[in-house]
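Everything below concerns the one structure shown next.
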Amino acid sequence: MALYSATYGVQVFDVAGWRVARLPGPEPRIPNPESRVLTMVLHARCGASVYIISLKEHSIAVSVDGSLVVSWDRGGRLYSMWDDGLTWRRGLSGTMIEKRRAGEERERALLEGAAADLVVDRAAGVARIALERMIGGSWRWTGAVDQVVAQEARALLSLSSRFDAAAARADAERFALVFGRVGILPPDQYLSLVVQATEGCSFNTCTFCDLYHEGYRVKTPEEFREHVGGVLNYLGASASLRSRGIFLGAANALAVPMARLLPIFETLLDELDAARRGVCAFVDGFTGVRKTAAEYRLLSHLGLRRVYVGLESGHDPLLSFVRKPGSAQDAIETVRAIKAAGVHVGVIVMTGLGGRQYGHGHERDTSAAINAMGLGEGDLVYFSDLVEVPSTSYPVLAADARLEPLSRGERLQQQGRIRAGLSFAAAPPQFATYDIREFTY
């Protein structure tokens with residue numbers, strides 16, 4: 001099956017292994033967001049069924065009778081499905097999250113194995129049935145439809161119909177070979193293109209974290225350039241859904257010394273047009289403070305647009321208890337240096353950390369730390385609820401210290417008290433929630 005794309009030339013997909021062969025055409029790059037395809041919404045009927053097909057520059061979506069909606073990226077990989085209140089979102093890694101509303105709360109479940117296969121197969125079936133009906137005699141467009149657009153819809157549905165459970169499993173194996181483990185991203189980066197300059201976490205001592213299992217390592221310039229090429233070849237047309245920007249992974253990429261970081265940014269400039277698209281990354285306070293404002297400014301000229309700093313808490317005794325290296329002052333100085341370089345910041349605060357015993361100090365000192373950072377318009381403050389993972393040491397330490405956990409309502413109140421203690425000289429940053437249980441890439 002060959003699909004023509006002005007951005008990617010001709011792509012040939014081997015469905016069994018989802019390998020992409022390239023015919024002559026432009027080299028793969030992230031699509032230019034300034035050259036967007038207009039959204040096409042097509043309406044049709046087939047018997048008693050009502051179809052709406054939405055063609056966008058990054059995806060195709062099919063709605064059946066208003067109660068079932070399935071979306072795939074333009075590489076044919078399933079992205080999401082919604083069915084009358086239930087939502088499934090699949091990451092490239094094969095991780096699938098099921099979400100539903102239960103009163104005021106949102107319930108989540110991680111689907112694996114046969115449970116995830118059922119969702120993928122059902123979605124492929126929706127594409128297959130829509131395609132069969134479209135080329136059959138009972139399909140009727142209920143509005144004017146350009147035949148070229150209709151042909152594009154059929155081609156994308158054909159591609160998506162072949163992304164069944166077997167193809168999805170094989171694709172997830174390819175993802176693991178190319179990307180390794182993508183531990184976590186900030187919510188506003190879920191649709192960015194991730195490239196991994198490092199593996200693992202540079203310190204990996206936080207007692208509440210179970211995101212990075214492998215040892216810490218920085219890729220050589222040659223390895224990183226090869227990795228970026230592998231990412232682009234793997235994604236193919238699927239890159240268009242992940243074109244919000246570039247996220248430089250993994251856990252603490254900007255902790256890499258400048259002598260090793262500059263060649264990485266050179267590759268981002270050469271291969272991904274980083275200066276225009278923008279680069280975002282994590283850094284921790286205690287290594288981030290080792291870079292000067294001038295060094296962050298140099299990185300900004302090479303494309304750095306936002307840096308995410310996991311403050312967690314401004315209360316040093318609590319940071320010590322959870323074994324997070326560094327101090328609140330380290331985080332403050334890191335953020336101020338980044339801001340002085342003209343780069344935006346995302347600061348992450350945890351609610352519920354340390355329970356009731358640390359609550360007052362956590363709230364007071366976290367507000368004070370954020371106030372000292374000089375945040376403003378264009379910056380972000382994320383509030384992330386503590387998620388106690390049994391495989392981490394935090395639950396044991398908390399039990400030994402007889403910490404009293406905060407309920408969901410109390411955590412919301414804690415967030416409110418921290419925010420009430422904030423003051424900004426001009427326009428404030430944006431505030432948002434950050435639920436790590438909803439992450440998949």
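If you're wondering about the labels, chains in the structure tokens are A, B, ... by order shown, residues count from 1 in each chain, ligands from 1 in order shown.
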I need the helix (DSSP H, G or I) residues of segment 311-437 of chain A per DSSP on the backbone, written as number ranges by chain. A: 316-321, 328-340, 355-371, 394-400, 408-420, 436-437
Resulting file, chosen residues, C-alpha atoms, as a PDB file, in the first residue's frame:
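In the end it all went to again05.pdb:
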ATOM      1  CA  ASP A 316      13.988  21.186  52.364  1.00  0.00           C
ATOM      2  CA  PRO A 317      13.210  18.707  55.191  1.00  0.00           C
ATOM      3  CA  LEU A 318      10.618  17.075  52.922  1.00  0.00           C
ATOM      4  CA  LEU A 319      13.054  16.944  49.990  1.00  0.00           C
ATOM      5  CA  SER A 320      15.536  15.254  52.294  1.00  0.00           C
ATOM      6  CA  PHE A 321      12.908  12.784  53.495  1.00  0.00           C
ATOM      7  CA  ALA A 328      14.762  24.536  47.114  1.00  0.00           C
ATOM      8  CA  GLN A 329      17.382  27.272  46.683  1.00  0.00           C
ATOM      9  CA  ASP A 330      19.061  25.206  43.945  1.00  0.00           C
ATOM     10  CA  ALA A 331      15.759  25.057  42.079  1.00  0.00           C
ATOM     11  CA  ILE A 332      15.181  28.791  42.551  1.00  0.00           C
ATOM     12  CA  GLU A 333      18.608  29.674  41.173  1.00  0.00           C
ATOM     13  CA  THR A 334      18.189  27.250  38.261  1.00  0.00           C
ATOM     14  CA  VAL A 335      14.849  28.756  37.287  1.00  0.00           C
ATOM     15  CA  ARG A 336      16.132  32.314  37.598  1.00  0.00           C
ATOM     16  CA  ALA A 337      19.104  31.515  35.346  1.00  0.00           C
ATOM     17  CA  ILE A 338      16.817  29.943  32.753  1.00  0.00           C
ATOM     18  CA  LYS A 339      14.442  32.898  32.908  1.00  0.00           C
ATOM     19  CA  ALA A 340      17.342  35.348  32.573  1.00  0.00           C
ATOM     20  CA  GLY A 355       1.295  13.604  54.178  1.00  0.00           C
ATOM     21  CA  ARG A 356      -0.248  15.664  56.971  1.00  0.00           C
ATOM     22  CA  GLN A 357       2.966  15.858  59.023  1.00  0.00           C
ATOM     23  CA  TYR A 358       4.868  17.805  56.360  1.00  0.00           C
ATOM     24  CA  GLY A 359       1.814  19.636  55.027  1.00  0.00           C
ATOM     25  CA  HIS A 360       2.236  23.079  56.603  1.00  0.00           C
ATOM     26  CA  GLY A 361       5.954  23.383  55.810  1.00  0.00           C
ATOM     27  CA  HIS A 362       5.407  22.044  52.312  1.00  0.00           C
ATOM     28  CA  GLU A 363       2.702  24.594  51.551  1.00  0.00           C
ATOM     29  CA  ARG A 364       4.471  27.575  53.103  1.00  0.00           C
ATOM     30  CA  ASP A 365       7.911  26.934  51.637  1.00  0.00           C
ATOM     31  CA  THR A 366       6.642  25.869  48.208  1.00  0.00           C
ATOM     32  CA  SER A 367       4.735  29.135  47.827  1.00  0.00           C
ATOM     33  CA  ALA A 368       7.841  31.033  48.924  1.00  0.00           C
ATOM     34  CA  ALA A 369      10.080  29.156  46.481  1.00  0.00           C
ATOM     35  CA  ILE A 370       7.778  29.787  43.521  1.00  0.00           C
ATOM     36  CA  ASN A 371       7.490  33.459  44.486  1.00  0.00           C
ATOM     37  CA  TYR A 394       8.125   5.758  49.569  1.00  0.00           C
ATOM     38  CA  PRO A 395       5.200   3.692  50.966  1.00  0.00           C
ATOM     39  CA  VAL A 396       7.573   1.847  53.329  1.00  0.00           C
ATOM     40  CA  LEU A 397       9.286   5.055  54.472  1.00  0.00           C
ATOM     41  CA  ALA A 398       5.931   6.767  54.930  1.00  0.00           C
ATOM     42  CA  ALA A 399       4.626   3.851  56.997  1.00  0.00           C
ATOM     43  CA  ASP A 400       7.777   3.759  59.136  1.00  0.00           C
ATOM     44  CA  ARG A 408      -8.082  13.567  47.298  1.00  0.00           C
ATOM     45  CA  GLY A 409     -10.073  16.466  48.704  1.00  0.00           C
ATOM     46  CA  GLU A 410      -7.275  17.420  51.085  1.00  0.00           C
ATOM     47  CA  ARG A 411      -4.773  17.427  48.244  1.00  0.00           C
ATOM     48  CA  LEU A 412      -6.985  19.825  46.316  1.00  0.00           C
ATOM     49  CA  GLN A 413      -7.150  22.022  49.397  1.00  0.00           C
ATOM     50  CA  GLN A 414      -3.362  21.871  49.667  1.00  0.00           C
ATOM     51  CA  GLN A 415      -3.045  22.994  46.067  1.00  0.00           C
ATOM     52  CA  GLY A 416      -5.417  25.855  46.830  1.00  0.00           C
ATOM     53  CA  ARG A 417      -3.368  26.966  49.842  1.00  0.00           C
ATOM     54  CA  ILE A 418      -0.119  26.902  47.851  1.00  0.00           C
ATOM     55  CA  ARG A 419      -1.722  28.985  45.105  1.00  0.00           C
ATOM     56  CA  ALA A 420      -3.184  31.393  47.660  1.00  0.00           C
ATOM     57  CA  ILE A 436       1.242  10.750  35.671  1.00  0.00           C
ATOM     58  CA  ARG A 437      -1.312   7.926  35.431  1.00  0.00           C
TER      59      ARG A 437
END
Would you kindly return, as a PyMOL selection string, each protein, DNA or RNA residue with an atom no farther than 12 Å from any atom of Val343 of chain A, considering only C-alpha atoms and excluding same-chain residues fewer than 3 positions away? chain A and resi 278-281+293-308+334-340+346+375-380
Written file, previous selection with C-alpha atoms, as a CSV table (one decimal), in the first residue's frame:
chain,number,residue,atom,x,y,z
A,278,GLY,CA,11.6,24.6,19.6
A,279,VAL,CA,13.1,22.2,22.1
A,280,CYS,CA,11.8,21.4,25.6
A,281,ALA,CA,13.5,19.2,28.2
A,293,ALA,CA,22.3,32.2,32.2
A,294,ALA,CA,24.8,32.7,29.4
A,295,GLU,CA,24.9,29.0,28.7
A,296,TYR,CA,21.1,28.7,28.8
A,297,ARG,CA,21.0,31.7,26.4
A,298,LEU,CA,23.3,29.9,24.0
A,299,LEU,CA,20.9,26.9,24.1
A,300,SER,CA,18.0,29.2,23.4
A,301,HIS,CA,19.7,30.4,20.2
A,302,LEU,CA,19.9,26.7,19.3
A,303,GLY,CA,16.2,26.1,19.9
A,304,LEU,CA,15.6,25.7,23.6
A,305,ARG,CA,12.2,27.1,24.4
A,306,ARG,CA,11.0,25.6,27.7
A,307,VAL,CA,12.7,23.8,30.6
A,308,TYR,CA,10.7,21.7,33.1
A,334,THR,CA,18.2,27.2,38.3
A,335,VAL,CA,14.8,28.8,37.3
A,336,ARG,CA,16.1,32.3,37.6
A,337,ALA,CA,19.1,31.5,35.3
A,338,ILE,CA,16.8,29.9,32.8
A,339,LYS,CA,14.4,32.9,32.9
A,340,ALA,CA,17.3,35.3,32.6
A,346,GLY,CA,7.5,24.7,33.8
A,375,LEU,CA,7.7,33.3,37.0
A,376,GLY,CA,5.4,35.1,34.7
A,377,GLU,CA,3.5,35.0,31.4
A,378,GLY,CA,4.5,32.0,29.3
A,379,ASP,CA,5.6,29.9,32.2
A,380,LEU,CA,3.7,26.9,33.7
Write out as a VMD selection string all residues of segment 259-433 of chain A that backbone DSSP assigns to strand (DSSP E or B). chain A and resid 279 to 283 304 to 312 344 to 351 380 to 385 430 to 433
Closest contacts (segment 64-146 of chain A/segment 163-167 of chain A, max 9 Å, only C-alpha atoms) as CSV:
residue,atom,partner,partner_atom,distance
A:Gly76,CA,A:Phe163,CA,6.6
A:Arg77,CA,A:Phe163,CA,6.3
A:Leu78,CA,A:Phe163,CA,7.2
A:Ala114,CA,A:Ala165,CA,8.9
A:Ala116,CA,A:Ala165,CA,8.0
A:Asp117,CA,A:Ala165,CA,4.9
A:Leu118,CA,A:Ala165,CA,7.4
A:Val119,CA,A:Ala165,CA,8.3
A:Val120,CA,A:Ala165,CA,5.5
A:Asp121,CA,A:Asp164,CA,4.9
A:Arg122,CA,A:Asp164,CA,8.2
A:Ala123,CA,A:Asp164,CA,7.9
A:Ala124,CA,A:Asp164,CA,5.6
A:Gly125,CA,A:Asp164,CA,8.3
Between A:Leu193, A:Val178, A:Ala255, A:Ile348, which residue has the minimum interatomic distance to Val283 of chain A, considering only C-alpha atoms?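 Checking each of A:Leu193, A:Val178, A:Ala255, A:Ile348 against Val283 of chain A, counting only C-alpha atoms, the winner is A:Ala255.
When only C-alpha atoms are used to measure the gap to Ile60 of chain A, the shortest distance among A:Ala144, A:Cys206, A:Ile129, A:Leu241 belongs to A:Leu241.
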What does the distance from atom CA of Glu105 of chain A to atom CA of Gly66 of chain A come to in Å, to one decimal?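 Atom CA of Glu105 of chain A sits 24.2 Å away from atom CA of Gly66 of chain A.
Between Gly137 of chain A and the residues A:Arg100, A:Arg45, A:His227, A:Arg217, the shortest atom-to-atom distance, using only C-alpha atoms, involves A:Arg45.
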Point-to-point distance in Å for atom CA of Arg260 of chain A and atom CA of Leu92 of chain A: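 Atom-to-atom, atom CA of Leu92 of chain A and atom CA of Arg260 of chain A are spaced 28.7 Å apart.
Nearest residue to Leu261 of chain A among A:Tyr216, A:Tyr234, A:Phe224, A:Phe431 is A:Phe224, counting only C-alpha atoms.
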